[in-house]
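Next comes target-v3.txt, with compact mmCIF, C-alpha atoms.
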```txt
# COMPACT_ATOMS: atom_id res chain seq x y z
CA MET A 1 95.83 87.60 86.55
CA GLU A 2 98.63 87.68 89.08
CA GLN A 3 101.94 89.08 87.88
CA VAL A 4 103.86 86.53 89.89
CA MET A 5 102.74 82.94 90.03
CA GLN A 6 104.02 79.48 90.81
CA ALA A 7 105.45 77.71 87.80
CA PRO A 8 103.06 75.04 86.44
CA GLN A 9 103.58 71.50 87.75
CA GLU A 10 104.89 70.09 84.50
CA GLU A 11 107.49 72.84 84.29
CA SER A 12 108.63 72.74 87.89
CA ALA A 13 109.28 69.04 87.46
CA GLY A 14 111.40 69.69 84.41
CA LYS A 15 113.11 72.78 83.02
CA ARG A 16 111.78 75.60 85.18
CA THR A 17 111.30 75.83 88.90
CA GLY A 18 110.29 78.52 91.34
CA LYS A 19 108.33 81.69 90.60
CA TYR A 20 107.42 82.83 87.12
CA ASP A 21 106.94 86.53 86.47
CA VAL A 22 105.21 87.64 83.28
CA ARG A 23 107.32 90.82 83.24
CA GLY A 24 110.48 88.74 83.06
CA LEU A 25 111.77 89.70 86.51
CA ALA A 26 114.39 87.62 88.22
CA ASP A 27 113.91 87.46 91.99
CA PRO A 28 110.26 88.59 91.62
CA ASP A 29 109.43 88.40 95.34
CA ALA A 30 112.14 90.83 96.41
CA THR A 31 111.09 93.81 98.48
CA ALA A 32 112.85 97.05 99.27
CA PRO A 33 115.13 96.29 102.26
CA ASN A 34 114.62 99.65 104.00
CA THR A 35 118.28 99.81 104.94
CA ALA A 36 119.21 103.23 103.60
CA ILE A 37 120.04 105.99 106.04
CA VAL A 38 117.85 108.97 105.19
CA THR A 39 118.70 112.51 106.27
CA GLY A 40 116.19 115.01 104.97
CA THR A 41 116.24 114.74 101.19
CA THR A 42 119.52 112.83 101.03
CA ALA A 43 120.22 109.16 101.64
CA GLU A 44 123.16 106.76 101.96
CA LEU A 45 122.67 103.19 100.76
CA ASP A 46 125.18 100.38 101.40
CA ALA A 47 124.69 97.77 98.68
CA ALA A 48 127.26 95.29 99.99
CA GLU A 49 124.76 92.67 101.18
CA LEU A 50 121.91 93.43 98.79
CA SER A 51 120.84 91.69 95.58
CA THR A 52 120.55 93.63 92.32
CA ARG A 53 116.77 93.78 92.60
CA GLN A 54 116.89 94.86 96.24
CA ILE A 55 119.23 97.72 95.34
CA ASN A 56 116.95 98.94 92.56
CA LEU A 57 113.82 98.58 94.70
CA GLU A 58 115.46 100.53 97.50
CA LEU A 59 116.47 103.29 95.08
CA ARG A 60 112.86 103.54 93.85
CA ARG A 61 111.47 103.50 97.37
CA LEU A 62 113.73 106.36 98.37
CA LEU A 63 112.96 108.43 95.28
CA HIS A 64 109.26 107.66 94.91
CA THR A 65 107.99 107.43 98.46
CA GLU A 66 110.57 108.99 100.79
CA GLY A 67 110.98 112.23 98.85
CA VAL A 68 114.74 111.75 98.64
CA THR A 69 116.43 113.63 95.80
CA GLU A 70 120.11 112.78 96.39
CA ILE A 71 121.46 109.29 97.02
CA THR A 72 124.98 107.97 97.57
CA LEU A 73 125.33 104.28 96.78
CA HIS A 74 128.25 102.49 98.45
CA ASN A 75 129.77 99.10 97.56
CA PRO A 76 128.09 98.50 94.19
CA ARG A 77 130.69 95.75 93.63
CA ALA A 78 130.40 95.87 89.83
CA ARG A 79 126.90 94.39 89.86
CA HIS A 80 124.95 94.50 86.61
CA SER A 81 121.80 96.51 85.87
CA ILE A 82 122.04 98.95 88.76
CA ALA A 83 120.12 102.26 88.82
CA VAL A 84 117.94 101.34 85.85
CA GLY A 85 114.47 102.57 84.93
CA LEU A 86 114.63 105.74 87.03
CA LEU A 87 112.16 108.18 85.48
CA LEU A 88 112.46 111.35 87.53
CA ARG A 89 114.87 114.17 88.39
CA CYS A 90 117.38 113.19 91.10
CA ARG A 91 121.10 112.98 91.83
CA ILE A 92 122.88 109.68 92.45
CA LYS A 93 126.54 109.19 93.33
CA ILE A 94 127.83 105.64 92.89
CA GLU A 95 131.00 105.07 94.91
CA GLY A 96 132.56 102.28 92.87
CA SER A 97 132.19 100.43 89.59
CA LEU A 98 129.21 98.91 87.80
CA GLY A 99 128.89 95.82 85.62
CA TYR A 100 126.90 95.80 82.42
CA PHE A 101 123.69 97.67 81.57
CA GLY A 102 124.12 100.20 84.39
CA CYS A 103 121.90 103.29 84.41
CA GLY A 104 119.81 101.99 81.49
CA ILE A 105 116.45 103.38 80.37
CA ILE A 106 116.63 106.41 82.63
CA ASP A 107 114.88 109.75 82.10
CA GLY A 108 115.99 112.67 84.24
CA PRO A 109 118.60 111.52 86.80
CA GLU A 110 122.06 113.03 87.14
CA ILE A 111 124.37 110.13 88.00
CA HIS A 112 128.07 110.22 88.85
CA ILE A 113 129.93 106.89 88.82
CA ALA A 114 133.28 107.11 90.62
CA GLY A 115 134.65 104.01 88.93
CA ARG A 116 134.41 102.07 85.67
CA VAL A 117 131.47 100.41 83.92
CA GLY A 118 130.87 97.37 81.73
CA TRP A 119 128.85 97.03 78.52
CA SER A 120 125.97 99.25 77.52
CA VAL A 121 126.00 101.87 80.21
CA ALA A 122 123.14 104.37 79.84
CA GLU A 123 121.54 102.43 77.00
CA ASN A 124 118.27 103.95 75.87
CA MET A 125 118.76 106.95 78.17
CA MET A 126 116.14 109.63 77.46
CA SER A 127 117.47 112.62 79.43
CA GLY A 128 119.74 113.48 82.33
CA VAL A 129 123.47 113.28 82.90
CA VAL A 130 125.73 110.25 83.47
CA VAL A 131 129.40 110.91 84.27
CA ILE A 132 131.87 108.02 84.56
CA ASP A 133 135.28 108.77 86.05
CA LYS A 134 137.16 105.85 84.48
CA ASN A 135 136.74 103.53 81.47
CA ALA A 136 133.57 102.10 79.91
CA GLY A 137 133.07 98.88 77.95
CA SER A 138 131.57 98.31 74.54
CA LEU A 139 128.17 99.60 73.41
CA THR A 140 128.44 102.64 75.66
CA GLY A 141 125.31 104.74 75.15
CA ALA A 142 123.61 102.20 72.89
CA ALA A 143 120.36 103.61 71.47
CA PHE A 144 121.04 106.78 73.45
CA ARG A 145 118.10 109.21 73.05
CA GLY A 146 119.03 112.36 74.95
CA GLY A 147 121.06 114.00 77.70
CA ASP A 148 124.80 113.94 78.32
CA LEU A 149 126.97 110.84 78.79
CA VAL A 150 130.53 111.63 79.83
CA VAL A 151 133.26 108.98 80.06
CA ARG A 152 136.50 110.49 81.32
CA GLY A 153 138.53 107.40 80.34
CA HIS A 154 138.44 105.14 77.26
CA VAL A 155 135.45 103.35 75.72
CA GLY A 156 135.17 100.04 73.86
CA ALA A 157 133.66 99.25 70.48
CA ARG A 158 130.39 100.52 69.01
CA THR A 159 129.99 103.52 71.27
CA GLY A 160 126.65 105.19 70.55
CA ILE A 161 125.41 102.40 68.32
CA ASP A 162 121.94 103.40 67.07
CA GLN A 163 122.28 106.74 68.89
CA LYS A 164 119.15 108.84 68.35
CA GLY A 165 120.08 112.03 70.19
CA GLY A 166 122.06 113.49 73.07
CA THR A 167 125.78 114.05 73.52
CA ILE A 168 128.40 111.40 74.29
CA ILE A 169 131.77 112.75 75.41
CA VAL A 170 134.85 110.52 75.69
CA GLY A 171 138.02 111.82 77.34
CA GLY A 172 140.21 109.01 75.95
CA ASN A 173 140.13 106.67 72.96
CA ALA A 174 137.15 104.88 71.36
CA GLY A 175 137.12 101.41 69.81
CA SER A 176 136.00 100.16 66.42
CA MET A 177 132.61 100.89 64.79
CA THR A 178 132.08 103.99 66.92
CA GLY A 179 128.79 105.65 65.95
CA PHE A 180 127.55 102.57 64.05
CA MET A 181 124.06 103.28 62.65
CA MET A 182 123.97 106.63 64.46
CA GLN A 183 120.80 108.55 63.62
CA ARG A 184 121.06 111.81 65.54
CA GLY A 185 123.01 113.48 68.34
CA ARG A 186 126.69 114.18 68.89
CA GLN A 187 129.83 112.35 69.95
CA ILE A 188 132.93 114.23 71.07
CA ILE A 189 136.03 112.05 71.35
CA CYS A 190 139.26 113.54 72.65
CA GLY A 191 141.52 110.62 71.74
CA ASP A 192 141.88 108.21 68.81
CA VAL A 193 139.10 106.14 67.23
CA GLY A 194 139.31 102.62 65.80
CA HIS A 195 138.30 101.23 62.42
CA GLY A 196 134.89 101.72 60.79
CA MET A 197 133.92 104.93 62.54
CA GLY A 198 130.43 106.18 61.66
CA ASP A 199 129.58 103.11 59.62
CA SER A 200 126.03 103.39 58.20
CA MET A 201 125.31 106.53 60.17
CA TYR A 202 122.18 108.37 59.00
CA ASP A 203 122.62 111.67 60.81
CA GLY A 204 124.39 113.26 63.76
CA SER A 205 127.97 114.43 64.18
CA ILE A 206 131.15 112.82 65.49
CA TYR A 207 133.97 115.13 66.59
CA VAL A 208 137.42 113.59 66.98
CA ALA A 209 140.55 115.25 68.31
CA GLY A 210 142.91 112.30 67.72
CA LYS A 211 143.47 109.92 64.80
CA VAL A 212 140.76 107.92 63.05
CA ALA A 213 141.93 104.46 61.95
CA SER A 214 139.35 104.31 59.14
CA LEU A 215 135.89 105.58 58.27
CA GLY A 216 132.90 103.27 57.88
CA VAL A 217 130.49 103.17 54.96
CA ASP A 218 128.96 106.58 54.14
CA CYS A 219 130.81 108.52 56.84
CA VAL A 220 132.53 111.66 55.53
CA GLU A 221 134.47 114.58 56.95
CA ALA A 222 132.74 117.97 57.19
CA GLU A 223 133.85 121.48 58.11
CA MET A 224 133.77 122.59 61.72
CA THR A 225 131.46 125.57 62.29
CA ASP A 226 131.22 128.19 65.03
CA ALA A 227 128.18 126.34 66.39
CA ASP A 228 130.25 123.14 66.65
CA ASN A 229 132.98 124.91 68.60
CA GLU A 230 130.42 126.62 70.86
CA LEU A 231 128.90 123.23 71.70
CA ILE A 232 132.27 121.66 72.50
CA ASP A 233 133.43 124.64 74.57
CA ARG A 234 130.15 124.68 76.53
CA LYS A 235 130.14 120.95 77.27
CA PHE A 236 133.81 120.83 78.22
CA ALA A 237 133.36 123.79 80.56
CA SER A 238 130.36 122.09 82.21
CA TYR A 239 132.27 118.88 82.86
CA ARG A 240 135.67 120.49 83.46
CA ILE A 241 137.42 118.62 80.70
CA ASP A 242 140.58 120.00 79.11
CA ARG A 243 139.76 120.83 75.51
CA PRO A 244 142.16 119.50 72.88
CA ASP A 245 143.39 122.17 70.48
CA SER A 246 141.41 121.06 67.47
CA PHE A 247 138.67 118.65 66.41
CA ARG A 248 137.65 117.16 63.07
CA LYS A 249 133.97 116.68 62.34
CA PHE A 250 132.43 113.65 60.65
CA VAL A 251 128.88 113.31 59.38
CA CYS A 252 126.73 111.14 57.14
CA GLY A 253 127.50 111.24 53.41
CA ARG A 254 123.80 110.60 52.67
CA LYS A 255 124.45 107.89 50.11
CA LEU A 256 122.41 105.40 52.12
CA TRP A 257 119.35 107.58 52.59
CA ASN A 258 116.46 105.40 51.46
CA TYR A 259 113.23 105.91 53.35
CA ASP A 260 109.97 104.08 52.92
CA ASN A 261 107.05 106.46 52.29
CA LEU A 262 104.54 103.83 53.37
CA GLU A 263 105.93 103.49 56.89
CA PRO A 264 103.59 106.06 58.58
CA ASN A 265 100.54 104.29 57.20
CA GLU A 266 101.80 100.93 58.37
CA ARG A 267 102.26 102.37 61.85
CA LYS A 268 98.66 103.57 62.04
CA LEU A 269 97.49 100.00 61.71
CA VAL A 270 98.66 99.30 65.28
CA LEU A 271 97.63 102.53 67.02
CA MET B 5 92.07 104.67 83.93
CA SER B 6 92.49 108.33 83.11
CA GLU B 7 89.62 110.09 81.37
CA ARG B 8 92.27 111.57 79.11
CA LEU B 9 92.42 108.20 77.39
CA GLU B 10 89.00 108.90 75.95
CA ILE B 11 89.68 109.10 72.22
CA SER B 12 86.23 108.77 70.65
CA GLU B 13 86.77 112.01 68.75
CA ARG B 14 89.85 110.91 66.96
CA ARG B 15 89.84 110.07 63.26
CA LEU B 16 92.94 108.38 61.88
CA SER B 17 93.44 109.60 58.34
CA GLY B 18 94.88 107.66 55.47
CA GLY B 19 97.55 110.33 54.98
CA LYS B 20 101.24 110.14 55.74
CA SER B 21 101.18 112.53 58.69
CA ILE B 22 100.99 111.37 62.27
CA ASP B 23 100.33 114.26 64.59
CA THR B 24 99.05 114.60 68.11
CA GLU B 25 95.69 115.98 67.00
CA GLU B 26 95.10 112.92 64.90
CA LEU B 27 96.04 110.53 67.71
CA THR B 28 94.10 112.25 70.48
CA GLY B 29 91.24 113.79 68.53
CA ARG B 30 91.83 117.19 70.14
CA THR B 31 94.05 120.25 70.25
CA PHE B 32 95.51 122.12 73.23
CA PRO B 33 95.42 125.86 74.06
CA TYR B 34 99.20 126.31 74.06
CA GLN B 35 99.29 125.32 70.38
CA PHE B 36 97.44 128.57 69.62
CA ASP B 37 98.40 131.06 72.38
CA ARG B 38 102.07 132.01 72.67
CA SER B 39 101.57 133.71 76.02
CA LEU B 40 100.81 130.34 77.62
CA VAL B 41 104.37 129.14 77.06
CA ASP B 42 106.31 132.38 77.44
CA ASP B 43 107.17 131.72 81.07
CA VAL B 44 108.55 128.20 80.56
CA ASP B 45 112.15 128.18 81.89
CA LEU B 46 113.93 125.67 79.66
CA ILE B 47 117.11 125.45 81.73
CA ALA B 48 115.19 124.89 84.96
CA GLU B 49 112.99 122.23 83.39
CA THR B 50 115.85 120.06 82.13
CA PRO B 51 118.63 118.22 83.98
CA GLY B 52 122.22 119.44 83.94
CA ASP B 53 123.70 122.86 83.29
CA ASP B 54 122.29 123.49 79.83
CA LEU B 55 119.43 122.37 77.60
CA ASN B 56 120.32 118.69 77.98
CA TRP B 57 117.90 116.59 75.90
CA LEU B 58 116.26 119.67 74.41
CA GLU B 59 119.48 120.29 72.49
CA ASP B 60 118.05 117.98 69.83
CA ILE B 61 114.60 119.58 69.70
CA GLU B 62 114.06 122.05 66.89
CA LEU B 63 111.13 123.54 65.02
CA MET B 64 110.09 121.34 62.10
CA THR B 65 107.01 121.22 59.88
CA GLU B 66 104.20 118.70 59.46
CA ASP B 67 101.62 119.09 56.70
CA GLY B 68 103.28 122.44 55.95
CA ILE B 69 102.58 123.76 59.48
CA PRO B 70 105.29 124.51 62.08
CA ALA B 71 105.50 121.61 64.50
CA VAL B 72 107.63 120.08 67.24
CA PHE B 73 108.32 116.36 67.43
CA ASP B 74 107.16 114.64 70.63
CA ARG B 75 109.48 111.65 71.04
CA TYR B 76 107.32 110.18 73.80
CA THR B 77 104.53 109.70 71.29
CA ASN B 78 106.54 109.55 68.07
CA ALA B 79 104.23 112.21 66.66
CA PHE B 80 104.26 115.91 65.80
CA LEU B 81 102.54 118.64 67.79
CA LYS B 82 101.59 121.50 65.48
CA ILE B 83 102.17 125.10 66.54
CA HIS B 84 99.62 127.57 65.16
CA PHE B 85 100.70 130.83 66.82
CA GLU B 86 103.12 133.24 65.18
CA ILE B 87 106.70 132.56 66.24
CA PRO B 88 109.14 135.51 66.41
CA ALA B 89 111.95 135.28 63.89
CA GLY B 90 115.12 133.79 65.30
CA ARG B 91 113.31 132.12 68.21
CA GLU B 92 111.87 129.13 66.34
CA ASP B 93 113.66 126.40 68.29
CA GLU B 94 113.10 128.14 71.62
CA TYR B 95 109.32 128.18 71.15
CA ALA B 96 109.28 124.63 69.82
CA ARG B 97 111.01 123.55 73.04
CA LYS B 98 108.69 125.58 75.25
CA VAL B 99 105.56 124.14 73.64
CA LEU B 100 106.92 120.62 74.02
CA ILE B 101 107.79 121.09 77.70
CA LYS B 102 104.33 122.56 78.38
CA HIS B 103 102.74 119.61 76.56
CA LEU B 104 104.69 117.11 78.67
CA GLN B 105 104.16 118.92 81.98
CA GLU B 106 100.41 118.99 81.45
CA GLY B 107 100.35 115.26 80.73
CA ASN B 108 98.91 115.63 77.27
CA SER B 109 101.40 113.51 75.36
CA TYR B 110 99.56 110.51 73.92
CA GLY B 111 102.46 108.26 74.87
CA ILE B 112 102.05 109.35 78.49
CA TRP B 113 98.32 108.61 78.39
CA LEU B 114 99.25 105.06 77.44
CA LYS B 115 101.22 104.68 80.69
CA HIS B 116 97.92 104.31 82.54
CA LYS B 117 97.19 101.18 80.59
CA HIS B 118 100.57 99.72 79.72
CA ALA B 119 103.15 100.71 82.40
CA LYS B 120 104.34 97.51 84.07
CA PHE B 121 106.22 99.10 86.95
CA ALA B 122 105.38 101.87 89.40
CA GLN B 123 106.57 105.19 88.02
CA PRO B 124 105.66 108.87 88.15
CA GLU B 125 103.16 109.59 85.39
CA LEU B 126 104.85 112.78 84.24
CA GLY B 127 108.39 111.49 84.73
CA PRO B 128 111.04 114.16 85.12
CA TRP B 129 108.91 117.07 83.90
CA LEU B 130 106.74 117.68 86.95
CA ASP B 131 107.42 116.85 90.59
CA GLY B 132 104.82 114.90 92.50
CA SER B 133 102.77 113.57 89.61
CA GLU B 134 100.48 110.58 90.04
CA THR B 135 102.08 107.12 90.25
CA VAL B 136 101.05 104.75 87.49
CA GLY B 137 101.93 101.15 86.74
CA THR B 138 101.13 99.71 90.16
CA ASN B 139 98.26 97.48 89.03
CA TRP B 140 99.33 96.24 85.64
CA THR B 141 97.89 92.94 84.57
CA PRO B 142 98.92 91.06 81.46
CA PRO B 143 96.43 91.27 78.58
CA VAL B 144 94.28 88.23 78.02
CA LEU B 145 93.35 87.21 74.50
CA GLU B 146 89.74 86.11 74.57
CA GLY B 147 89.29 82.47 73.64
CA TRP B 148 93.02 81.66 73.84
CA GLN B 149 94.23 78.83 76.02
CA LYS B 150 97.75 77.91 76.88
CA PRO B 151 98.87 74.88 74.85
CA LEU B 152 99.59 71.74 76.80
CA HIS B 153 103.07 71.39 75.34
```
This structure in structure tokens:
Amino acid sequence: MEQVMQAPQEESAGKRTGKYDVRGLADPDATAPNTAIVTGTTAELDAAELSTRQINLELRRLLHTEGVTEITLHNPRARHSIAVGLLLRCRIKIEGSLGYFGCGIIDGPEIHIAGRVGWSVAENMMSGVVVIDKNAGSLTGAAFRGGDLVVRGHVGARTGIDQKGGTIIVGGNAGSMTGFMMQRGRQIICGDVGHGMGDSMYDGSIYVAGKVASLGVDCVEAEMTDADNELIDRKFASYRIDRPDSFRKFVCGRKLWNYDNLEPNERKLVL
Amino acid sequence: MSERLEISERRLSGGKSIDTEELTGRTFPYQFDRSLVDDVDLIAETPGDDLNWLEDIELMTEDGIPAVFDRYTNAFLKIHFEIPAGREDEYARKVLIKHLQEGNSYGIWLKHKHAKFAQPELGPWLDGSETVGTNWTPPVLEGWQKPLH
């Protein structure tokens, strides 16, 4: 079966027109524009006149087929869903700001964004490094699995919701419900945090240097250890962030720990 | 399709454990021979200046045997060789990296069948690996027809 097909007659006459892609792609016929300037293993890409899909296709072409390992992306113009699904080691510098869902589902890239980002940057990231020079919106690092996510400015609500690993570092303040349903990993927040921090977290650690407006359900304060301070010192040295004098550590109180022993058997039914 | 997807030897038990041996029906040499993973350079094999995503990887146990969790398969990989005291997490990480670099993670095998977009088979763990996902076709349920409305 073709992945891209013409919409059926009855649909093109009514609700849906144009091409239908079973993978859910918008602009399914787009091709890589071949407009990047390649010099050895580096490339410069001007995104000013390109669609979202063209930008992402060009990034993949450069990384997968041209052997490029370092890309500078100019004029991103706050477009959504840029630099997503990159599953290899590379370095990308984005000269500007991104909209929502930037740098999602990546595994391996080291990305520097010299601007601000919208919702859900680096969601589902598996490994790598994403550094944002300014502020980030809500749901920063949603379902984050591994690697480092550094926001030098402030972040919105629900940072690291459903976080399953990795380290999220925030240079400024964080909004409400930070660390909601967090399951593993670390958050290091230099500023203040809003209400409901760590609500329903199951594991992981949240370090806060500023004030916490209120704790969520089953989030409790714990003692800082030498290992905690070593981690913070190491990460702050790597990203050249000034370390606040002291941090408080918050973890799960383990009152909500209820696990279903039958779950592994249920999973085998679909393997 | 990769011959590694051949899983006729596997036997899914009724137990609670889910490990790589059960999913693939085989074991791998680096589960038994420490010398095969000694030269894995953890810092070089991960992005950034430190351990990056391996920071979360630690030695655990499955069925009472030391094991490392492979998040790409959601299953444990048991480690049968003797691990020097104080280096438990280091060896867990080395075995996992070796497992991923050699393309033996069951979740990676599934890329050959289920990846919908072109991508390097071994992702960020090995340069120049085979590209998979270029010829994906949607599954067809035998006997099913699209409803008229």
Just want the 9 Å neighbourhood of Gly194 in chain A, counted on only C-alpha atoms, with same-chain residues fewer than 2 positions away dropped. Output as a list in words. Ala157, Asn173, Ala174, Gly175, Ser176, Met177, Thr178, Asp192, Gly196, Met197, Lys211, Val212, Ala213, Ser214 and Leu215 of chain A
Using only C-alpha atoms - which residues lie no farther than 12 Å from the point (124.2, 103.6, 63.5) in the file's frame? Write them as a PyMOL selection string. chain A and resi 139+141-144+158-165+177-185+196-206+216-219+251-252+256
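In this structure, the chain A residues at most 6 Å away from chain B are Leu87, Leu88, Arg89, Gly108, Ser127, Gly128, Gly146, Gly147, Gly166 and Pro264 of chain A, with all atoms listed in the file considered.
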Using Å and a single decimal, report how far CA of Leu104 in chain B sits from CA of Ile111 in chain A.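 Rounded to one decimal, the two atoms are 22.9 Å apart.
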What does the distance between CA of Gly172 in chain A and CA of His154 in chain A come to in Å, to one decimal place?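 CA of His154 in chain A lies at a distance of 4.5 Å from CA of Gly172 in chain A.
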Which distance in Å separates CA of Ala43 in chain A and CA of Ile132 in chain A, to one decimal?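 Pair CA of Ala43 in chain A / CA of Ile132 in chain A returns 20.7 Å.
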How would you write as a compact mmCIF listing (two decimals) with C-alpha atoms, in the coordinates of the input the residues that get within 10 Å of (135.2, 111.1, 95.2) in the file's frame, counting only C-alpha atoms?
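Generated output (selection18.txt):
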```txt
# COMPACT_ATOMS: atom_id res chain seq x y z
CA LYS A 93 126.54 109.19 93.33
CA ILE A 94 127.83 105.64 92.89
CA GLU A 95 131.00 105.07 94.91
CA GLY A 96 132.56 102.28 92.87
CA HIS A 112 128.07 110.22 88.85
CA ILE A 113 129.93 106.89 88.82
CA ALA A 114 133.28 107.11 90.62
CA GLY A 115 134.65 104.01 88.93
CA ASP A 133 135.28 108.77 86.05
```
Can you tell me which residues surround Ala119 in chain B at a distance of at most 7 Å, considering all atoms listed in the file, apart from same-chain residues fewer than 3 positions away, and format the answer as JSON, numbers by chain? {"B": [115, 116, 136, 137, 140]}
Which of these, A:Asn124, A:Leu231, A:Thr35, A:Glu221, has the shortest distance to Arg248 in chain A once you count all atoms listed in the file?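 Ranking A:Asn124, A:Leu231, A:Thr35, A:Glu221 by distance to Arg248 in chain A, first place goes to A:Glu221.
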Could you check which of A:Val208, A:Leu25, A:Leu86, A:Val68 is closest to Thr39 in chain A, using only C-alpha atoms? A:Val68
Tell me, as an mmCIF file with C-alpha atoms, in the coordinates of the input, which residues lie within 10 Å of Arg30 in chain B, counting only C-alpha atoms; anything in the same chain fewer than 3 positions away does not count.
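Wrote result28.cif, looks like this:
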```cif
data_model
loop_
_atom_site.group_PDB
_atom_site.id
_atom_site.type_symbol
_atom_site.label_atom_id
_atom_site.label_comp_id
_atom_site.auth_asym_id
_atom_site.auth_seq_id
_atom_site.Cartn_x
_atom_site.Cartn_y
_atom_site.Cartn_z
ATOM 1 C CA ILE B 11 89.680 109.100 72.220
ATOM 2 C CA GLU B 13 86.770 112.010 68.750
ATOM 3 C CA ARG B 14 89.850 110.910 66.960
ATOM 4 C CA THR B 24 99.050 114.600 68.110
ATOM 5 C CA GLU B 25 95.690 115.980 67.000
ATOM 6 C CA GLU B 26 95.100 112.920 64.900
ATOM 7 C CA LEU B 27 96.040 110.530 67.710
#
```
Skip Asp93 in chain B itself and residues of its chain fewer than 4 positions away, then list as a PyMOL selection string all residues within 9 Å of it, counting all atoms listed in the file. chain B and resi 61-64+72+97-98
Out of B:Trp148, B:Ser109, B:Asp42, B:Phe73, which residue has the shortest atom-to-atom distance to Arg91 in chain B when counting all atoms listed in the file?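 Under the stated criterion, the closest residue is B:Asp42.
For the set A:Asp21, A:Glu223, A:Glu70, A:Asp148, the residue with the smallest atom-to-atom gap to Tyr239 in chain A is A:Asp148, counting only C-alpha atoms.
Nearest to Thr42 in chain A of all the residues A:Leu98, A:Ala237, A:Ile82, A:Leu73 is A:Leu73, counting all atoms listed in the file.
The smallest atom-to-atom distance between His84 in chain B and any of B:His103, B:Ile47, B:Glu10, B:Gln35, using all atoms listed in the file, is found for B:Gln35.
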Taking the block just given, write range 197-246 of chain A to a file that holds C-alpha atoms, as a PDB file, in the first residue's frame.
```pdb
ATOM      1  CA  MET A 197       5.660  21.221  42.967  1.00  0.00           C
ATOM      2  CA  GLY A 198       6.326  17.484  42.626  1.00  0.00           C
ATOM      3  CA  ASP A 199       2.654  16.573  42.696  1.00  0.00           C
ATOM      4  CA  SER A 200       2.208  12.780  42.389  1.00  0.00           C
ATOM      5  CA  MET A 201       5.879  12.238  41.702  1.00  0.00           C
ATOM      6  CA  TYR A 202       6.948   8.583  41.983  1.00  0.00           C
ATOM      7  CA  ASP A 203      10.716   8.982  42.004  1.00  0.00           C
ATOM      8  CA  GLY A 204      13.489  11.381  41.015  1.00  0.00           C
ATOM      9  CA  SER A 205      14.789  14.511  42.710  1.00  0.00           C
ATOM     10  CA  ILE A 206      13.990  18.209  42.426  1.00  0.00           C
ATOM     11  CA  TYR A 207      16.601  20.681  43.689  1.00  0.00           C
ATOM     12  CA  VAL A 208      15.454  24.250  44.289  1.00  0.00           C
ATOM     13  CA  ALA A 209      17.598  27.232  45.238  1.00  0.00           C
ATOM     14  CA  GLY A 210      14.738  29.737  45.611  1.00  0.00           C
ATOM     15  CA  LYS A 211      11.324  29.607  47.287  1.00  0.00           C
ATOM     16  CA  VAL A 212       8.699  26.920  46.728  1.00  0.00           C
ATOM     17  CA  ALA A 213       5.134  28.279  46.790  1.00  0.00           C
ATOM     18  CA  SER A 214       3.707  24.906  47.866  1.00  0.00           C
ATOM     19  CA  LEU A 215       4.389  21.195  47.535  1.00  0.00           C
ATOM     20  CA  GLY A 216       2.086  18.850  45.633  1.00  0.00           C
ATOM     21  CA  VAL A 217       0.657  15.574  46.892  1.00  0.00           C
ATOM     22  CA  ASP A 218       3.326  13.164  48.209  1.00  0.00           C
ATOM     23  CA  CYS A 219       6.301  15.463  47.598  1.00  0.00           C
ATOM     24  CA  VAL A 220       8.566  15.831  50.643  1.00  0.00           C
ATOM     25  CA  GLU A 221      11.849  17.511  51.485  1.00  0.00           C
ATOM     26  CA  ALA A 222      14.960  15.337  51.852  1.00  0.00           C
ATOM     27  CA  GLU A 223      18.533  15.949  52.957  1.00  0.00           C
ATOM     28  CA  MET A 224      21.132  17.038  50.436  1.00  0.00           C
ATOM     29  CA  THR A 225      24.003  14.555  50.119  1.00  0.00           C
ATOM     30  CA  ASP A 226      27.565  14.851  48.819  1.00  0.00           C
ATOM     31  CA  ALA A 227      26.447  13.045  45.658  1.00  0.00           C
ATOM     32  CA  ASP A 228      23.737  15.673  45.109  1.00  0.00           C
ATOM     33  CA  ASN A 229      26.236  18.508  45.423  1.00  0.00           C
ATOM     34  CA  GLU A 230      28.718  16.729  43.140  1.00  0.00           C
ATOM     35  CA  LEU A 231      26.023  16.399  40.469  1.00  0.00           C
ATOM     36  CA  ILE A 232      25.031  20.073  40.695  1.00  0.00           C
ATOM     37  CA  ASP A 233      28.648  21.282  40.691  1.00  0.00           C
ATOM     38  CA  ARG A 234      29.489  19.096  37.678  1.00  0.00           C
ATOM     39  CA  LYS A 235      26.471  20.152  35.622  1.00  0.00           C
ATOM     40  CA  PHE A 236      26.856  23.845  36.431  1.00  0.00           C
ATOM     41  CA  ALA A 237      30.534  23.723  35.484  1.00  0.00           C
ATOM     42  CA  SER A 238      29.675  22.028  32.172  1.00  0.00           C
ATOM     43  CA  TYR A 239      27.123  24.676  31.238  1.00  0.00           C
ATOM     44  CA  ARG A 240      28.904  27.613  32.873  1.00  0.00           C
ATOM     45  CA  ILE A 241      26.037  28.514  35.152  1.00  0.00           C
ATOM     46  CA  ASP A 242      26.635  30.435  38.368  1.00  0.00           C
ATOM     47  CA  ARG A 243      25.773  28.134  41.244  1.00  0.00           C
ATOM     48  CA  PRO A 244      23.458  29.550  43.910  1.00  0.00           C
ATOM     49  CA  ASP A 245      24.813  29.160  47.437  1.00  0.00           C
ATOM     50  CA  SER A 246      22.454  26.445  48.555  1.00  0.00           C
TER      51      SER A 246
END
```
